[in-house]
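**Student:** My questions all concern the structure below.
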Amino acid sequence: MSILSLRNFRKHFDGTKVVNGVNFEIEKGKITGLIGPNGSGKSTLINLITGVVPKDKGIIVIGDSMKVDKIRPYDMKILGITRTFQNVQIFEQMTVFDNLLLTLTKRTVWGSLFEKHSKIHEERTNDILQLISLSEKKNELAENLSYGQRKLLEIGRAIAMDVDIILFDEPYAGLFPKIIKQVSEILNRLKKQDKAILLVEHNMGLIRELCDHLVVMDAGEILAEGEPEQILARLDVIEAYLGE
Amino acid sequence: MEYLIHLAILISIWSMLAMSLNLILGYTGLLSITHAAFFGIGAYATAISMTVYDINFFLSILIGILVAGVVALLFGLILARFKGDIYALATFGLNIIIFSIFLNWQEVTRGPLGIPGIGRPEIFDFVFKSNLYFLILVSVFAFLIYLISEYIVKSSFGRVLQAIREKESTIQVFGYRTHFFKLTIFVISACIAAVAGSFFASYITFIDPSTFSLNESIFILAIVILGGLANNKGVFVGTVFLIMLPEILRFVGFPTDIAAQMRQVVYGLLLVGLMMYRPQGLLGKFKL
């Protein structure tokens with residue numbers, strides 16, 4: 001069942017059509033892969049869905065009928081969407097623990113002013129730290145983490161949000177095989193928890209291994225969509241990646 | 001002894017000011033160059049309340065908080081949409097506007113003539129007339145403000161401020177409407193600066209606009225940067241050092257008028273040196 005539909009998403013930068021009339025859906029309990037050559041508009045699309053970059057046109061539909069035209073980043077929690085970033089965006093001068101707590105505590109000014117983190121927050125944070133193997137780094141500043149650990153922290157933060165839709169923007173980029181395996185386990189676990197996952201990735205082996213559905217973008221438009229093995233065998237998709 | 005008490009009072013007043021700026025600059029990462037304006041609003045609120053309307057000092061503090069809070073709210077609504085250089089420039093402009101009001105609204109502020117004869121705090125017929133009693137009172141308030149600041153920065157709200165300092169656009173994606181947080185901390189900070197202003201007016205007993213110029217805002221900024229961004233104890237160290245500096249210069253043989261000028265030179269050198277070798281200040285946690 002579709003939980004997030006994109007309808008006619010458009011974004012032009014100085015006349016360049018970066019995202020041009022994109023429509024697709026992602027479903028609960030499935031991993032949807034989003035691939036395409038560099039500059040095809042994948043990350044921009046995630047930025048448009050999460051309101052980080054304002055769109056020119058398009059709406060998102062959550063579930064059956066909740067149409068969202070005005071997309072603002074701070075509405076993501078209410079809409080049940082979270083994301084990771086292509087360039088890791090953790091809060092480096094805060095501890096690993098505080099990075100995760102930010103996703104658990106109250107969002108309003110007054111609510112947060114009169115709130116200190118509780119035992120429930122602490123337990124939830126500890127569970128996630130265990131899942132991403134960062135328990136020992138709990139009280140260290142995030143700036144002291146290795147690149148792979150930073151990626152894991154960002155993934156942990158997305159899990160801590162406890163929402164239905166998670167958009168992963170190249171979570172495997174630059175990781176060692178051991179951490180790649182760990183990230184795949186986390187993604188499969190989220191899938192089993194009935195989360196809807198959008199995965200932007202360049203590694204076709206991982207796409208084949210993990211994805212239930214595949215969307216290919218080229219020059220800001222959807223080039224192909226369907227079952228991964230069939231899509232990856234298509235000539236136009238291979239050409240888009242490798243050139244003529 | 002009286003001289004040391006005098007210095008301790010100044011340190012208490014300026015540490016309140018510096019703690020208030022630290023909430024915006026140190027913890028939220030917004031370069032505000034307007035704190036002398038809110039310091040002045042508190043001072044004028046107390047001066048006018050006590051000399052014109054014969055209002056008790058403690059009530060005048062509340063009036064100062066209220067006026068500074070309303071002004072900060074109105075300007076903050078605009079400021080909260082900015083960050084970085086534009087935020088700094090906008091606050092710079094705010095200081096100039098409020099300084100001009102102090103200087104030119106002569107019916108209320110008496111302009112450059114200033115307001116003399118401001119009384120000392122009084123409660124249940126007890127007047128804090130001696131400097132020692134005044135020191136005890138101002139120290140209690142400075143400590144209360146320290147506790148309030150520590151509470152704020154250790155709450156969930158404080159954690160969001162620190163996230164705004166690092167990556168405002170990222171924390172928004174996790175469901176935080178950051179401009180409300182920036183607005184709230186700006187108003188809280190302005191209210192604290194106004195409290196410091198009330199004590200200053202009552203202690204010095206005379207105020208005029210010259211104390212609340214941009215130079216004063218830069219002085220408060222220097223305290224926070226020297227002592228330590230995002231560390232209230234560091235800010236106290238910075239206050240002690242910079243309040244004592246002209247006194248030290250006098251003791252090492254500089255004539256009083258030259259010592260005052262040298263102070264500006266030393267601030268400048270300190271800021272340049274810190275930016276080069278220790279951008280987080282002496283005890284700070286956050287690097288500019």
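Labels used: A, B, ... for chains in the order of the structure tokens, numbers from 1 for residues in each chain, and numbers from 1 for ligands as shown.
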Counting only C-alpha atoms, what is within 6 Å of range 137-140 of chain A, bar same-chain residues fewer than 6 positions away, as a ChimeraX atom specification?
**Tutor:** /A:95-97
**Student:** Residues at most 9 Å from range 158-169 of chain A, counting only C-alpha atoms, excluding those fewer than 4 positions away in the same chain, as an MDAnalysis selection string?
**Tutor:** (chainID A and resid 3:4 26:28 42:43 46 77:87 100:101 103:104 124:125 128 153:154 190 194:201) or (chainID B and resid 174)
**Student:** May I ask you to extract the residues of chain B within 6 Å of chain A, using only C-alpha atoms, and to give them as a PDB file with all heavy atoms, in the first residue's frame?
**Tutor:**
ATOM      1  N   SER B 155      18.418  22.102  29.542  1.00  0.00           N
ATOM      2  CA  SER B 155      17.088  21.567  29.216  1.00  0.00           C
ATOM      3  C   SER B 155      17.078  21.094  27.756  1.00  0.00           C
ATOM      4  O   SER B 155      18.037  21.308  27.014  1.00  0.00           O
ATOM      5  CB  SER B 155      16.036  22.660  29.394  1.00  0.00           C
ATOM      6  OG  SER B 155      16.235  23.677  28.434  1.00  0.00           O
ATOM      7  N   SER B 156      15.980  20.476  27.376  1.00  0.00           N
ATOM      8  CA  SER B 156      15.844  20.068  25.963  1.00  0.00           C
ATOM      9  C   SER B 156      15.907  21.292  25.057  1.00  0.00           C
ATOM     10  O   SER B 156      16.436  21.240  23.943  1.00  0.00           O
ATOM     11  CB  SER B 156      14.513  19.346  25.752  1.00  0.00           C
ATOM     12  OG  SER B 156      14.479  18.185  26.538  1.00  0.00           O
ATOM     13  N   PHE B 157      15.375  22.416  25.545  1.00  0.00           N
ATOM     14  CA  PHE B 157      15.411  23.681  24.800  1.00  0.00           C
ATOM     15  C   PHE B 157      16.866  24.068  24.495  1.00  0.00           C
ATOM     16  O   PHE B 157      17.199  24.445  23.368  1.00  0.00           O
ATOM     17  CB  PHE B 157      14.731  24.753  25.654  1.00  0.00           C
ATOM     18  CG  PHE B 157      14.718  26.137  25.064  1.00  0.00           C
ATOM     19  CD1 PHE B 157      13.716  26.534  24.202  1.00  0.00           C
ATOM     20  CD2 PHE B 157      15.698  27.063  25.396  1.00  0.00           C
ATOM     21  CE1 PHE B 157      13.688  27.818  23.665  1.00  0.00           C
ATOM     22  CE2 PHE B 157      15.685  28.342  24.877  1.00  0.00           C
ATOM     23  CZ  PHE B 157      14.679  28.718  24.014  1.00  0.00           C
ATOM     24  N   GLN B 172      15.837  21.625  11.665  1.00  0.00           N
ATOM     25  CA  GLN B 172      14.448  21.869  11.229  1.00  0.00           C
ATOM     26  C   GLN B 172      13.805  20.590  10.702  1.00  0.00           C
ATOM     27  O   GLN B 172      12.634  20.325  10.961  1.00  0.00           O
ATOM     28  CB  GLN B 172      14.427  22.929  10.128  1.00  0.00           C
ATOM     29  CG  GLN B 172      14.640  24.337  10.670  1.00  0.00           C
ATOM     30  CD  GLN B 172      14.594  25.386   9.569  1.00  0.00           C
ATOM     31  OE1 GLN B 172      14.807  25.085   8.409  1.00  0.00           O
ATOM     32  NE2 GLN B 172      14.314  26.610   9.955  1.00  0.00           N
ATOM     33  N   VAL B 173      14.597  19.787   9.995  1.00  0.00           N
ATOM     34  CA  VAL B 173      14.048  18.561   9.398  1.00  0.00           C
ATOM     35  C   VAL B 173      13.568  17.576  10.477  1.00  0.00           C
ATOM     36  O   VAL B 173      12.738  16.724  10.214  1.00  0.00           O
ATOM     37  CB  VAL B 173      15.111  17.907   8.475  1.00  0.00           C
ATOM     38  CG1 VAL B 173      14.620  16.585   7.922  1.00  0.00           C
ATOM     39  CG2 VAL B 173      15.457  18.830   7.336  1.00  0.00           C
ATOM     40  N   GLY B 175      11.833  18.443  12.984  1.00  0.00           N
ATOM     41  CA  GLY B 175      10.546  18.893  13.530  1.00  0.00           C
ATOM     42  C   GLY B 175      10.607  20.135  14.389  1.00  0.00           C
ATOM     43  O   GLY B 175       9.652  20.424  15.115  1.00  0.00           O
ATOM     44  N   TYR B 176      11.709  20.866  14.343  1.00  0.00           N
ATOM     45  CA  TYR B 176      11.828  22.065  15.184  1.00  0.00           C
ATOM     46  C   TYR B 176      11.642  23.331  14.360  1.00  0.00           C
ATOM     47  O   TYR B 176      12.332  23.508  13.349  1.00  0.00           O
ATOM     48  CB  TYR B 176      13.198  22.104  15.864  1.00  0.00           C
ATOM     49  CG  TYR B 176      13.392  21.012  16.887  1.00  0.00           C
ATOM     50  CD1 TYR B 176      14.055  19.836  16.563  1.00  0.00           C
ATOM     51  CD2 TYR B 176      12.898  21.160  18.179  1.00  0.00           C
ATOM     52  CE1 TYR B 176      14.233  18.829  17.502  1.00  0.00           C
ATOM     53  CE2 TYR B 176      13.080  20.162  19.121  1.00  0.00           C
ATOM     54  CZ  TYR B 176      13.739  18.997  18.775  1.00  0.00           C
ATOM     55  OH  TYR B 176      13.904  18.016  19.708  1.00  0.00           O
ATOM     56  N   ARG B 177      10.716  24.176  14.808  1.00  0.00           N
ATOM     57  CA  ARG B 177      10.531  25.488  14.148  1.00  0.00           C
ATOM     58  C   ARG B 177      11.537  26.426  14.783  1.00  0.00           C
ATOM     59  O   ARG B 177      11.270  27.068  15.804  1.00  0.00           O
ATOM     60  CB  ARG B 177       9.100  25.982  14.347  1.00  0.00           C
ATOM     61  CG  ARG B 177       8.086  25.011  13.779  1.00  0.00           C
ATOM     62  CD  ARG B 177       6.683  25.497  13.958  1.00  0.00           C
ATOM     63  NE  ARG B 177       6.390  26.519  12.983  1.00  0.00           N
ATOM     64  CZ  ARG B 177       5.174  26.710  12.445  1.00  0.00           C
ATOM     65  NH1 ARG B 177       4.177  25.933  12.806  1.00  0.00           N
ATOM     66  NH2 ARG B 177       4.971  27.654  11.577  1.00  0.00           N
TER      67      ARG B 177
END
**Student:** Write out as number ranges by chain the residues lying within 10 Å of range 235-237 of chain B, counting only C-alpha atoms and excluding same-chain residues fewer than 6 positions away.
**Tutor:** B: 11-12, 14-19, 21-22, 26, 146, 220, 222-229, 281-284
**Student:** Would you output that residue set with N, CA, C and O atoms, as a JSON list (two decimals), in the first residue's frame?
**Tutor:**
[["chain", "number", "residue", "atom", "x", "y", "z"],
["B", 11, "ILE", "N", 31.91, 43.59, 38.48],
["B", 11, "ILE", "CA", 32.06, 42.22, 37.94],
["B", 11, "ILE", "C", 30.71, 41.50, 37.96],
["B", 11, "ILE", "O", 30.33, 40.82, 37.00],
["B", 12, "SER", "N", 29.95, 41.67, 39.05],
["B", 12, "SER", "CA", 28.64, 41.00, 39.13],
["B", 12, "SER", "C", 27.70, 41.51, 38.05],
["B", 12, "SER", "O", 27.01, 40.71, 37.39],
["B", 14, "TRP", "N", 28.45, 43.01, 35.14],
["B", 14, "TRP", "CA", 28.87, 42.65, 33.78],
["B", 14, "TRP", "C", 28.84, 41.14, 33.56],
["B", 14, "TRP", "O", 28.68, 40.69, 32.43],
["B", 15, "SER", "N", 28.95, 40.36, 34.62],
["B", 15, "SER", "CA", 28.83, 38.91, 34.40],
["B", 15, "SER", "C", 27.39, 38.55, 34.06],
["B", 15, "SER", "O", 27.14, 37.64, 33.27],
["B", 16, "MET", "N", 26.41, 39.29, 34.63],
["B", 16, "MET", "CA", 25.01, 39.07, 34.23],
["B", 16, "MET", "C", 24.85, 39.36, 32.74],
["B", 16, "MET", "O", 24.23, 38.61, 32.00],
["B", 17, "LEU", "N", 25.41, 40.50, 32.34],
["B", 17, "LEU", "CA", 25.32, 40.90, 30.93],
["B", 17, "LEU", "C", 25.96, 39.87, 30.02],
["B", 17, "LEU", "O", 25.39, 39.48, 28.99],
["B", 18, "ALA", "N", 27.15, 39.43, 30.42],
["B", 18, "ALA", "CA", 27.88, 38.49, 29.58],
["B", 18, "ALA", "C", 27.16, 37.13, 29.53],
["B", 18, "ALA", "O", 27.11, 36.50, 28.47],
["B", 19, "MET", "N", 26.58, 36.72, 30.66],
["B", 19, "MET", "CA", 25.84, 35.44, 30.64],
["B", 19, "MET", "C", 24.65, 35.55, 29.69],
["B", 19, "MET", "O", 24.30, 34.60, 28.99],
["B", 21, "LEU", "N", 24.42, 37.46, 27.03],
["B", 21, "LEU", "CA", 24.88, 37.39, 25.64],
["B", 21, "LEU", "C", 25.32, 35.98, 25.27],
["B", 21, "LEU", "O", 25.13, 35.52, 24.14],
["B", 22, "ASN", "N", 25.89, 35.28, 26.26],
["B", 22, "ASN", "CA", 26.37, 33.93, 25.99],
["B", 22, "ASN", "C", 25.23, 33.01, 25.55],
["B", 22, "ASN", "O", 25.43, 32.08, 24.77],
["B", 26, "GLY", "N", 27.08, 32.24, 22.49],
["B", 26, "GLY", "CA", 27.78, 31.00, 22.82],
["B", 26, "GLY", "C", 26.95, 29.77, 22.53],
["B", 26, "GLY", "O", 27.42, 28.82, 21.91],
["B", 146, "TYR", "N", 22.80, 32.98, 36.85],
["B", 146, "TYR", "CA", 23.66, 31.85, 36.49],
["B", 146, "TYR", "C", 22.85, 30.54, 36.53],
["B", 146, "TYR", "O", 22.90, 29.72, 35.61],
["B", 220, "ILE", "N", 31.04, 43.75, 25.83],
["B", 220, "ILE", "CA", 30.37, 42.54, 26.33],
["B", 220, "ILE", "C", 30.72, 41.34, 25.44],
["B", 220, "ILE", "O", 30.98, 40.23, 25.93],
["B", 222, "ALA", "N", 33.48, 41.01, 23.80],
["B", 222, "ALA", "CA", 34.88, 40.63, 24.09],
["B", 222, "ALA", "C", 34.93, 39.75, 25.34],
["B", 222, "ALA", "O", 35.70, 38.78, 25.39],
["B", 223, "ILE", "N", 34.11, 40.05, 26.34],
["B", 223, "ILE", "CA", 34.09, 39.24, 27.57],
["B", 223, "ILE", "C", 33.72, 37.80, 27.23],
["B", 223, "ILE", "O", 34.39, 36.85, 27.66],
["B", 224, "VAL", "N", 32.65, 37.65, 26.44],
["B", 224, "VAL", "CA", 32.17, 36.30, 26.14],
["B", 224, "VAL", "C", 33.18, 35.53, 25.30],
["B", 224, "VAL", "O", 33.48, 34.36, 25.58],
["B", 225, "ILE", "N", 33.76, 36.21, 24.32],
["B", 225, "ILE", "CA", 34.73, 35.52, 23.44],
["B", 225, "ILE", "C", 35.99, 35.16, 24.21],
["B", 225, "ILE", "O", 36.54, 34.07, 24.07],
["B", 226, "LEU", "N", 36.43, 36.08, 25.09],
["B", 226, "LEU", "CA", 37.64, 35.79, 25.87],
["B", 226, "LEU", "C", 37.38, 34.65, 26.87],
["B", 226, "LEU", "O", 38.14, 33.70, 26.95],
["B", 227, "GLY", "N", 36.31, 34.78, 27.63],
["B", 227, "GLY", "CA", 36.06, 33.82, 28.72],
["B", 227, "GLY", "C", 35.72, 32.45, 28.20],
["B", 227, "GLY", "O", 36.22, 31.44, 28.70],
["B", 228, "GLY", "N", 34.87, 32.41, 27.21],
["B", 228, "GLY", "CA", 34.54, 31.09, 26.69],
["B", 228, "GLY", "C", 33.12, 31.00, 26.20],
["B", 228, "GLY", "O", 32.19, 31.16, 26.99],
["B", 229, "LEU", "N", 33.00, 30.75, 24.90],
["B", 229, "LEU", "CA", 31.68, 30.60, 24.32],
["B", 229, "LEU", "C", 31.04, 29.32, 24.86],
["B", 229, "LEU", "O", 31.71, 28.29, 24.97],
["B", 281, "GLY", "N", 37.83, 30.67, 23.07],
["B", 281, "GLY", "CA", 38.06, 31.43, 24.30],
["B", 281, "GLY", "C", 38.80, 30.58, 25.32],
["B", 281, "GLY", "O", 39.18, 29.44, 25.05],
["B", 282, "LEU", "N", 39.00, 31.17, 26.54],
["B", 282, "LEU", "CA", 39.82, 30.49, 27.53],
["B", 282, "LEU", "C", 39.21, 29.16, 27.97],
["B", 282, "LEU", "O", 39.86, 28.14, 28.03],
["B", 283, "LEU", "N", 37.91, 29.19, 28.31],
["B", 283, "LEU", "CA", 37.27, 27.97, 28.82],
["B", 283, "LEU", "C", 36.09, 27.52, 27.95],
["B", 283, "LEU", "O", 35.27, 26.72, 28.37],
["B", 284, "GLY", "N", 36.00, 28.06, 26.77],
["B", 284, "GLY", "CA", 34.81, 27.81, 25.96],
["B", 284, "GLY", "C", 34.74, 26.43, 25.34],
["B", 284, "GLY", "O", 35.73, 25.71, 25.28]]
**Student:** If we count only C-alpha atoms, what is near Ala45 in chain B at a cut-off of 8 Å, once residues fewer than 6 positions away on the same chain are taken out, given as a list of chain:residue names?
**Tutor:**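 Residues near the query, excluding close chain neighbours: B:Ser60, B:Ile61, B:Ile63, B:Gly64, B:Val67, B:Ser198.
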**Student:** With DSSP run on the backbone, what are the strand (DSSP E) residues within range 73-279 of chain B? I'd like them as a list in words.
**Tutor:** Glu122, Ile123, Phe126 and Val127 of chain B
